[in-house]
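Okay, target_30.cif is below, mmCIF, C-alpha atoms:
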```cif
data_start
loop_
_atom_site.group_PDB
_atom_site.id
_atom_site.type_symbol
_atom_site.label_atom_id
_atom_site.label_comp_id
_atom_site.auth_asym_id
_atom_site.auth_seq_id
_atom_site.Cartn_x
_atom_site.Cartn_y
_atom_site.Cartn_z
ATOM 1 C CA MET A 1 -22.557 28.543 8.565
ATOM 2 C CA LYS A 2 -23.672 31.521 10.650
ATOM 3 C CA VAL A 3 -21.454 31.943 13.677
ATOM 4 C CA GLY A 4 -22.020 34.295 16.596
ATOM 5 C CA LEU A 5 -18.961 35.672 18.350
ATOM 6 C CA ALA A 6 -18.815 37.657 21.587
ATOM 7 C CA LEU A 7 -16.008 40.201 21.738
ATOM 8 C CA GLY A 8 -14.773 41.939 24.860
ATOM 9 C CA SER A 9 -11.869 44.115 25.939
ATOM 10 C CA ASN A 10 -10.996 45.784 29.239
ATOM 11 C CA VAL A 11 -7.339 46.777 28.789
ATOM 12 C CA GLY A 12 -5.854 49.726 26.925
ATOM 13 C CA ASP A 13 -7.724 51.215 23.969
ATOM 14 C CA ARG A 14 -10.738 48.930 24.225
ATOM 15 C CA LEU A 15 -12.482 50.323 21.144
ATOM 16 C CA LYS A 16 -9.366 49.912 19.002
ATOM 17 C CA HIS A 17 -8.945 46.314 20.178
ATOM 18 C CA LEU A 18 -12.545 45.523 19.224
ATOM 19 C CA GLN A 19 -12.260 47.278 15.865
ATOM 20 C CA GLN A 20 -9.088 45.359 14.996
ATOM 21 C CA ALA A 21 -10.679 42.066 16.038
ATOM 22 C CA LYS A 22 -13.770 42.869 13.960
ATOM 23 C CA ALA A 23 -11.585 43.512 10.891
ATOM 24 C CA TYR A 24 -9.829 40.172 11.424
ATOM 25 C CA LEU A 25 -13.107 38.299 11.889
ATOM 26 C CA LEU A 26 -14.535 39.849 8.727
ATOM 27 C CA SER A 27 -11.490 38.509 6.869
ATOM 28 C CA LEU A 28 -12.593 35.020 7.974
ATOM 29 C CA SER A 29 -16.193 35.570 6.872
ATOM 30 C CA ASN A 30 -17.387 34.422 3.470
ATOM 31 C CA GLU A 31 -17.436 37.547 1.314
ATOM 32 C CA GLY A 32 -17.151 39.684 4.464
ATOM 33 C CA TRP A 33 -20.807 39.052 5.370
ATOM 34 C CA HIS A 34 -21.621 40.113 8.920
ATOM 35 C CA VAL A 35 -24.078 41.610 11.355
ATOM 36 C CA ALA A 36 -22.698 43.625 14.264
ATOM 37 C CA SER A 37 -24.332 44.621 17.511
ATOM 38 C CA PRO A 38 -23.822 47.997 19.115
ATOM 39 C CA LEU A 39 -21.149 48.331 21.806
ATOM 40 C CA TYR A 40 -22.002 48.024 25.482
ATOM 41 C CA GLU A 41 -19.920 48.789 28.551
ATOM 42 C CA THR A 42 -20.250 46.219 31.317
ATOM 43 C CA GLU A 43 -18.958 45.642 34.811
ATOM 44 C CA PRO A 44 -16.093 43.118 35.104
ATOM 45 C CA LEU A 45 -18.118 40.361 36.790
ATOM 46 C CA GLY A 46 -16.111 37.472 38.211
ATOM 47 C CA CYS A 47 -12.862 39.375 37.654
ATOM 48 C CA PRO A 48 -10.227 40.325 40.234
ATOM 49 C CA PRO A 49 -11.001 43.396 42.375
ATOM 50 C CA ASN A 50 -10.546 46.804 40.694
ATOM 51 C CA SER A 51 -10.616 45.321 37.185
ATOM 52 C CA PRO A 52 -11.516 47.864 34.481
ATOM 53 C CA LYS A 53 -14.912 47.779 32.770
ATOM 54 C CA PHE A 54 -15.376 45.852 29.516
ATOM 55 C CA LEU A 55 -16.528 46.997 26.140
ATOM 56 C CA ASN A 56 -18.609 44.160 24.687
ATOM 57 C CA ALA A 57 -20.160 43.429 21.305
ATOM 58 C CA VAL A 58 -21.468 40.494 19.293
ATOM 59 C CA LEU A 59 -20.578 39.860 15.682
ATOM 60 C CA GLU A 60 -22.275 37.311 13.434
ATOM 61 C CA ILE A 61 -20.261 36.102 10.449
ATOM 62 C CA GLU A 62 -20.601 33.428 7.774
ATOM 63 C CA PHE A 63 -17.791 30.887 8.342
ATOM 64 C CA GLY A 64 -17.019 27.954 6.047
ATOM 65 C CA GLY A 65 -14.761 25.877 8.299
ATOM 66 C CA ALA A 66 -15.176 23.599 11.307
ATOM 67 C CA PRO A 67 -15.733 24.877 14.878
ATOM 68 C CA LYS A 68 -12.334 23.645 16.086
ATOM 69 C CA MET A 69 -10.599 25.426 13.208
ATOM 70 C CA LEU A 70 -12.344 28.665 14.131
ATOM 71 C CA LEU A 71 -11.488 28.214 17.809
ATOM 72 C CA LYS A 72 -7.788 27.792 16.964
ATOM 73 C CA LYS A 73 -7.860 30.933 14.801
ATOM 74 C CA LEU A 74 -9.570 32.926 17.559
ATOM 75 C CA GLN A 75 -7.145 31.788 20.241
ATOM 76 C CA ALA A 76 -4.133 32.525 18.020
ATOM 77 C CA TYR A 77 -5.516 36.005 17.308
ATOM 78 C CA GLU A 78 -6.055 36.688 21.017
ATOM 79 C CA VAL A 79 -2.490 35.706 21.882
ATOM 80 C CA ALA A 80 -1.019 37.685 18.965
ATOM 81 C CA HIS A 81 -2.894 40.751 20.242
ATOM 82 C CA GLY A 82 -1.781 40.676 23.854
ATOM 83 C CA ARG A 83 -3.970 38.102 25.574
ATOM 84 C CA ASP A 84 -1.883 36.205 28.110
ATOM 85 C CA ARG A 85 -3.429 32.744 28.466
ATOM 86 C CA ASP A 86 -1.231 31.985 31.502
ATOM 87 C CA LEU A 87 -3.044 34.549 33.638
ATOM 88 C CA PRO A 88 -5.829 33.405 35.970
ATOM 89 C CA LYS A 89 -9.342 33.004 34.601
ATOM 90 C CA ASN A 90 -11.155 36.338 34.158
ATOM 91 C CA ALA A 91 -7.964 38.415 34.358
ATOM 92 C CA ALA A 92 -8.009 41.740 32.488
ATOM 93 C CA ARG A 93 -7.380 41.259 28.762
ATOM 94 C CA THR A 94 -6.872 43.209 25.590
ATOM 95 C CA ILE A 95 -9.225 40.970 23.634
ATOM 96 C CA ASP A 96 -11.536 38.068 24.393
ATOM 97 C CA ILE A 97 -13.479 36.306 21.639
ATOM 98 C CA ASP A 98 -15.957 33.542 22.475
ATOM 99 C CA ILE A 99 -18.062 31.416 20.148
ATOM 100 C CA LEU A 100 -21.688 31.937 21.113
ATOM 101 C CA TYR A 101 -23.273 29.780 18.428
ATOM 102 C CA PHE A 102 -22.155 27.882 15.364
ATOM 103 C CA GLY A 103 -25.132 27.280 13.101
ATOM 104 C CA LYS A 104 -27.294 24.541 14.529
ATOM 105 C CA ARG A 105 -24.416 22.400 15.807
ATOM 106 C CA LYS A 106 -24.350 21.214 19.377
ATOM 107 C CA SER A 107 -21.581 22.451 21.624
ATOM 108 C CA SER A 108 -18.600 20.380 22.657
ATOM 109 C CA ARG A 109 -16.665 20.503 25.907
ATOM 110 C CA ARG A 110 -13.861 22.425 24.180
ATOM 111 C CA ILE A 111 -16.032 25.098 22.603
ATOM 112 C CA TRP A 112 -18.343 27.318 24.640
ATOM 113 C CA TRP A 113 -21.738 28.032 23.153
ATOM 114 C CA CYS A 114 -24.159 30.661 24.365
ATOM 115 C CA HIS A 115 -25.918 29.248 27.406
ATOM 116 C CA ILE A 116 -27.533 30.086 30.696
ATOM 117 C CA ARG A 117 -24.165 30.763 32.413
ATOM 118 C CA GLY A 118 -23.819 33.988 30.409
ATOM 119 C CA TRP A 119 -27.183 35.162 31.655
ATOM 120 C CA ARG A 120 -26.501 34.302 35.282
ATOM 121 C CA SER A 121 -23.227 36.227 35.176
ATOM 122 C CA GLY A 122 -24.997 39.472 34.342
ATOM 123 C CA GLY A 123 -25.959 38.868 30.742
ATOM 124 C CA LEU A 124 -22.693 40.300 29.421
ATOM 125 C CA CYS A 125 -23.158 38.854 25.941
ATOM 126 C CA TYR A 126 -26.953 38.974 25.987
ATOM 127 C CA TRP A 127 -27.334 42.745 25.713
ATOM 128 C CA PRO A 128 -25.453 42.912 22.384
ATOM 129 C CA LEU A 129 -26.782 39.505 21.268
ATOM 130 C CA SER A 130 -30.339 40.744 21.753
ATOM 131 C CA THR A 131 -29.806 43.286 18.979
ATOM 132 C CA ILE A 132 -29.036 40.623 16.360
ATOM 133 C CA GLN A 133 -30.636 37.385 17.653
ATOM 134 C CA PRO A 134 -33.393 38.339 20.129
ATOM 135 C CA ASP A 135 -35.403 35.174 19.505
ATOM 136 C CA MET A 136 -32.547 32.708 19.904
ATOM 137 C CA ILE A 137 -33.302 30.040 22.512
ATOM 138 C CA VAL A 138 -30.587 30.073 25.175
ATOM 139 C CA LYS A 139 -29.193 26.634 25.889
ATOM 140 C CA GLY A 140 -30.136 25.471 29.362
ATOM 141 C CA SER A 141 -33.026 27.903 29.791
ATOM 142 C CA ALA A 142 -35.762 27.129 27.214
ATOM 143 C CA LYS A 143 -36.135 30.926 26.934
ATOM 144 C CA THR A 144 -35.175 33.406 24.254
ATOM 145 C CA VAL A 145 -32.500 36.046 24.676
ATOM 146 C CA ARG A 146 -35.286 38.659 24.703
ATOM 147 C CA MET A 147 -37.167 36.858 27.512
ATOM 148 C CA LEU A 148 -34.046 36.521 29.659
ATOM 149 C CA LEU A 149 -33.197 40.180 29.195
ATOM 150 C CA ARG A 150 -36.662 41.213 30.340
ATOM 151 C CA GLU A 151 -36.054 39.275 33.542
ATOM 152 C CA LEU A 152 -32.545 40.681 33.878
ATOM 153 C CA ARG A 153 -33.535 44.325 33.306
ATOM 154 C CA ALA A 154 -35.550 44.410 36.519
ATOM 155 C CA GLY A 155 -32.371 44.390 38.606
ATOM 156 C CA GLU A 156 -29.712 45.347 36.069
ATOM 157 C CA GLY A 157 -27.846 48.617 36.425
ATOM 158 C CA ASP A 158 -24.318 47.831 35.299
ATOM 159 C CA VAL A 159 -24.699 47.668 31.494
ATOM 160 C CA ARG A 160 -24.448 50.882 29.468
ATOM 161 C CA PHE A 161 -25.074 51.366 25.754
ATOM 162 C CA VAL A 162 -22.015 53.015 24.155
ATOM 163 C CA GLN A 163 -22.467 53.329 20.378
ATOM 164 C CA HIS A 164 -24.007 51.699 17.314
ATOM 165 C CA ASP A 165 -21.207 51.867 14.786
ATOM 166 C CA TRP A 166 -17.766 50.609 15.638
#
```

Would you give me this structure, written as structure tokens?
Amino acid sequence: MKVGLALGSNVGDRLKHLQQAKAYLLSLSNEGWHVASPLYETEPLGCPPNSPKFLNAVLEIEFGGAPKMLLKKLQAYEVAHGRDRDLPKNAARTIDIDILYFGKRKSSRRIWWCHIRGWRSGGLCYWPLSTIQPDMIVKGSAKTVRMLLRELRAGEGDVRFVQHDW
């Protein structure tokens, strides 16, 4: 099943955190298959004042297990790599990994799928997602990632391309 994962880091060596997470996620992927977006630097929207900027990327892998199994693996990885789940929502973090899509399955309350909330909060995952799934319909919008980004670009100034290979 093709699974899209949003990765973000805004503490310490952000690039290293993303590279280590990518290596872990590729170990979960069938035969290491993946597609990776470039890296983008984004403002820390919805975070406490003076929070550092994020490095964000999207990685698509082929995963053979169930969504809940993947979620448990992702959360365990985050904690093992310095993410403190007792901190308030949107606190600075070494690594954040969200499930954006899981094949054609519908989302559950426990697993977040790519939806309109991501676009309204500045499109943090949509810039990198647009490089690998530009024609994906965003849940709750009836529009593609590409269409939403066109609307967003008119007033967007806080997303910066960083690099292709990471």

Written as a VMD selection string, which residues does the PyMOL selection byres ((chain A and resi 28-30) around 8) give for the file shown? chain A and resid 24 to 27 31 to 34 61 to 64

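Atom pair atom CA of A:Val3 / atom CA of A:Leu100 has a distance of 7.4 Å (rounded to one decimal).
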
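Across the model, the gap from atom CA of A:Val35 to atom CA of A:Lys139 is 21.5 Å.
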
Listed atoms of stretch 40-47 of chain A boxed along x, y and z, 4 Å each side, centre and edge lengths in Å, one decimal, as JSON:
```
{"center_x": -17.4, "center_y": 43.1, "center_z": 31.8, "size_x": 17.1, "size_y": 19.3, "size_z": 20.7}
```

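For the residues A:Ala36, A:Ile137, A:Leu129, A:Leu55, ranking by smallest atom-to-atom distance to A:His17 using all atoms listed in the file places A:Leu55 first.
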
Around the point (-32.1, 39.2, 28.9) in the file's coordinates, collect all residues with an atom within 6 Å, using all atoms listed in the file, and return them as a PyMOL selection string. chain A and resi 126+145-150+152

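The two atoms in question, atom CA of A:Tyr101 and atom CA of A:Ile132, are spaced 12.5 Å apart.
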
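Of the listed residues A:Glu60, A:Asp84, A:Asp96, A:Glu41, the one whose atoms come nearest to A:Ala21 is A:Asp96, with distances taken using only C-alpha atoms.
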
Here's the selection I'm unsure about, the PyMOL selection byres ((chain A and resi 65-74) around 9); applied to the file above, which residues does it give, as a PyMOL selection string? chain A and resi 1+25+28+63-64+75-79+96-99+102+110-111

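Proximity of A:Pro44, A:Pro52, A:Gly12, A:Gly4 to A:Gln133, computed with all atoms listed in the file, is greatest for A:Gly4.
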
I'd like the neighbourhood of A:Glu43 as a PyMOL selection string, where a residue qualifies if any of its atoms comes within 8 Å (using only C-alpha atoms), though same-chain residues fewer than 3 positions away should be ignored. chain A and resi 52-54+158-159

For stretch 76-109 of chain A, which lacks atoms in the input, supply N, CA and C atoms and format the output as a PDB file, keeping the file's coordinate frame.
```pdb
ATOM      1  N   ALA A  76      -5.395  32.008  18.556  1.00  0.00           N
ATOM      2  CA  ALA A  76      -4.133  32.525  18.020  1.00  0.00           C
ATOM      3  C   ALA A  76      -4.207  34.050  17.886  1.00  0.00           C
ATOM      4  N   TYR A  77      -5.342  34.553  17.433  1.00  0.00           N
ATOM      5  CA  TYR A  77      -5.516  36.005  17.308  1.00  0.00           C
ATOM      6  C   TYR A  77      -5.406  36.670  18.682  1.00  0.00           C
ATOM      7  N   GLU A  78      -6.094  36.113  19.674  1.00  0.00           N
ATOM      8  CA  GLU A  78      -6.055  36.688  21.017  1.00  0.00           C
ATOM      9  C   GLU A  78      -4.624  36.789  21.538  1.00  0.00           C
ATOM     10  N   VAL A  79      -3.870  35.719  21.398  1.00  0.00           N
ATOM     11  CA  VAL A  79      -2.490  35.706  21.882  1.00  0.00           C
ATOM     12  C   VAL A  79      -1.634  36.712  21.113  1.00  0.00           C
ATOM     13  N   ALA A  80      -1.795  36.754  19.796  1.00  0.00           N
ATOM     14  CA  ALA A  80      -1.019  37.685  18.965  1.00  0.00           C
ATOM     15  C   ALA A  80      -1.337  39.144  19.289  1.00  0.00           C
ATOM     16  N   HIS A  81      -2.486  39.383  19.917  1.00  0.00           N
ATOM     17  CA  HIS A  81      -2.894  40.751  20.242  1.00  0.00           C
ATOM     18  C   HIS A  81      -2.920  41.011  21.747  1.00  0.00           C
ATOM     19  N   GLY A  82      -2.028  40.335  22.464  1.00  0.00           N
ATOM     20  CA  GLY A  82      -1.781  40.676  23.854  1.00  0.00           C
ATOM     21  C   GLY A  82      -2.497  39.892  24.909  1.00  0.00           C
ATOM     22  N   ARG A  83      -3.289  38.903  24.551  1.00  0.00           N
ATOM     23  CA  ARG A  83      -3.970  38.102  25.574  1.00  0.00           C
ATOM     24  C   ARG A  83      -2.988  37.092  26.144  1.00  0.00           C
ATOM     25  N   ASP A  84      -2.785  37.130  27.428  1.00  0.00           N
ATOM     26  CA  ASP A  84      -1.883  36.205  28.110  1.00  0.00           C
ATOM     27  C   ASP A  84      -2.707  35.060  28.674  1.00  0.00           C
ATOM     28  N   ARG A  85      -2.619  33.899  28.049  1.00  0.00           N
ATOM     29  CA  ARG A  85      -3.429  32.744  28.466  1.00  0.00           C
ATOM     30  C   ARG A  85      -2.909  32.086  29.740  1.00  0.00           C
ATOM     31  N   ASP A  86      -1.760  32.539  30.250  1.00  0.00           N
ATOM     32  CA  ASP A  86      -1.231  31.985  31.502  1.00  0.00           C
ATOM     33  C   ASP A  86      -1.768  32.714  32.732  1.00  0.00           C
ATOM     34  N   LEU A  87      -2.451  33.814  32.521  1.00  0.00           N
ATOM     35  CA  LEU A  87      -3.044  34.549  33.638  1.00  0.00           C
ATOM     36  C   LEU A  87      -4.252  33.794  34.171  1.00  0.00           C
ATOM     37  N   PRO A  88      -4.640  34.079  35.413  1.00  0.00           N
ATOM     38  CA  PRO A  88      -5.829  33.405  35.970  1.00  0.00           C
ATOM     39  C   PRO A  88      -7.082  33.706  35.160  1.00  0.00           C
ATOM     40  N   LYS A  89      -8.059  32.818  35.290  1.00  0.00           N
ATOM     41  CA  LYS A  89      -9.342  33.004  34.601  1.00  0.00           C
ATOM     42  C   LYS A  89      -9.922  34.368  34.975  1.00  0.00           C
ATOM     43  N   ASN A  90     -10.499  35.040  33.999  1.00  0.00           N
ATOM     44  CA  ASN A  90     -11.155  36.338  34.158  1.00  0.00           C
ATOM     45  C   ASN A  90     -10.212  37.494  34.455  1.00  0.00           C
ATOM     46  N   ALA A  91      -8.905  37.304  34.210  1.00  0.00           N
ATOM     47  CA  ALA A  91      -7.964  38.415  34.358  1.00  0.00           C
ATOM     48  C   ALA A  91      -8.253  39.443  33.266  1.00  0.00           C
ATOM     49  N   ALA A  92      -7.829  40.686  33.494  1.00  0.00           N
ATOM     50  CA  ALA A  92      -8.009  41.740  32.488  1.00  0.00           C
ATOM     51  C   ALA A  92      -7.331  41.299  31.194  1.00  0.00           C
ATOM     52  N   ARG A  93      -7.928  41.710  30.044  1.00  0.00           N
ATOM     53  CA  ARG A  93      -7.380  41.259  28.762  1.00  0.00           C
ATOM     54  C   ARG A  93      -7.660  42.274  27.659  1.00  0.00           C
ATOM     55  N   THR A  94      -6.727  42.308  26.727  1.00  0.00           N
ATOM     56  CA  THR A  94      -6.872  43.209  25.590  1.00  0.00           C
ATOM     57  C   THR A  94      -8.023  42.776  24.711  1.00  0.00           C
ATOM     58  N   ILE A  95      -8.153  41.472  24.501  1.00  0.00           N
ATOM     59  CA  ILE A  95      -9.225  40.970  23.634  1.00  0.00           C
ATOM     60  C   ILE A  95      -9.654  39.580  24.093  1.00  0.00           C
ATOM     61  N   ASP A  96     -10.941  39.361  24.065  1.00  0.00           N
ATOM     62  CA  ASP A  96     -11.536  38.068  24.393  1.00  0.00           C
ATOM     63  C   ASP A  96     -12.586  37.809  23.326  1.00  0.00           C
ATOM     64  N   ILE A  97     -12.498  36.658  22.672  1.00  0.00           N
ATOM     65  CA  ILE A  97     -13.479  36.306  21.639  1.00  0.00           C
ATOM     66  C   ILE A  97     -14.015  34.916  21.964  1.00  0.00           C
ATOM     67  N   ASP A  98     -15.313  34.823  22.169  1.00  0.00           N
ATOM     68  CA  ASP A  98     -15.957  33.542  22.475  1.00  0.00           C
ATOM     69  C   ASP A  98     -16.952  33.193  21.376  1.00  0.00           C
ATOM     70  N   ILE A  99     -17.051  31.899  21.085  1.00  0.00           N
ATOM     71  CA  ILE A  99     -18.062  31.416  20.148  1.00  0.00           C
ATOM     72  C   ILE A  99     -19.375  31.286  20.919  1.00  0.00           C
ATOM     73  N   LEU A 100     -20.383  32.007  20.475  1.00  0.00           N
ATOM     74  CA  LEU A 100     -21.688  31.937  21.113  1.00  0.00           C
ATOM     75  C   LEU A 100     -22.577  30.885  20.464  1.00  0.00           C
ATOM     76  N   TYR A 101     -22.517  30.810  19.153  1.00  0.00           N
ATOM     77  CA  TYR A 101     -23.273  29.780  18.428  1.00  0.00           C
ATOM     78  C   TYR A 101     -22.565  29.507  17.119  1.00  0.00           C
ATOM     79  N   PHE A 102     -22.783  28.315  16.616  1.00  0.00           N
ATOM     80  CA  PHE A 102     -22.155  27.882  15.364  1.00  0.00           C
ATOM     81  C   PHE A 102     -23.227  27.140  14.579  1.00  0.00           C
ATOM     82  N   GLY A 103     -24.022  27.883  13.832  1.00  0.00           N
ATOM     83  CA  GLY A 103     -25.132  27.280  13.101  1.00  0.00           C
ATOM     84  C   GLY A 103     -26.051  26.551  14.058  1.00  0.00           C
ATOM     85  N   LYS A 104     -26.406  25.357  13.693  1.00  0.00           N
ATOM     86  CA  LYS A 104     -27.294  24.541  14.529  1.00  0.00           C
ATOM     87  C   LYS A 104     -26.545  23.444  15.270  1.00  0.00           C
ATOM     88  N   ARG A 105     -25.212  23.458  15.174  1.00  0.00           N
ATOM     89  CA  ARG A 105     -24.416  22.400  15.807  1.00  0.00           C
ATOM     90  C   ARG A 105     -24.523  22.453  17.316  1.00  0.00           C
ATOM     91  N   LYS A 106     -24.365  21.301  17.921  1.00  0.00           N
ATOM     92  CA  LYS A 106     -24.350  21.214  19.377  1.00  0.00           C
ATOM     93  C   LYS A 106     -22.948  21.554  19.865  1.00  0.00           C
ATOM     94  N   SER A 107     -22.875  22.069  21.080  1.00  0.00           N
ATOM     95  CA  SER A 107     -21.581  22.451  21.624  1.00  0.00           C
ATOM     96  C   SER A 107     -20.786  21.223  22.060  1.00  0.00           C
ATOM     97  N   SER A 108     -19.485  21.411  22.126  1.00  0.00           N
ATOM     98  CA  SER A 108     -18.600  20.380  22.657  1.00  0.00           C
ATOM     99  C   SER A 108     -18.011  20.898  23.953  1.00  0.00           C
ATOM    100  N   ARG A 109     -17.280  20.065  24.665  1.00  0.00           N
ATOM    101  CA  ARG A 109     -16.665  20.503  25.907  1.00  0.00           C
ATOM    102  C   ARG A 109     -15.574  21.536  25.650  1.00  0.00           C
TER     103      ARG A 109
END
```
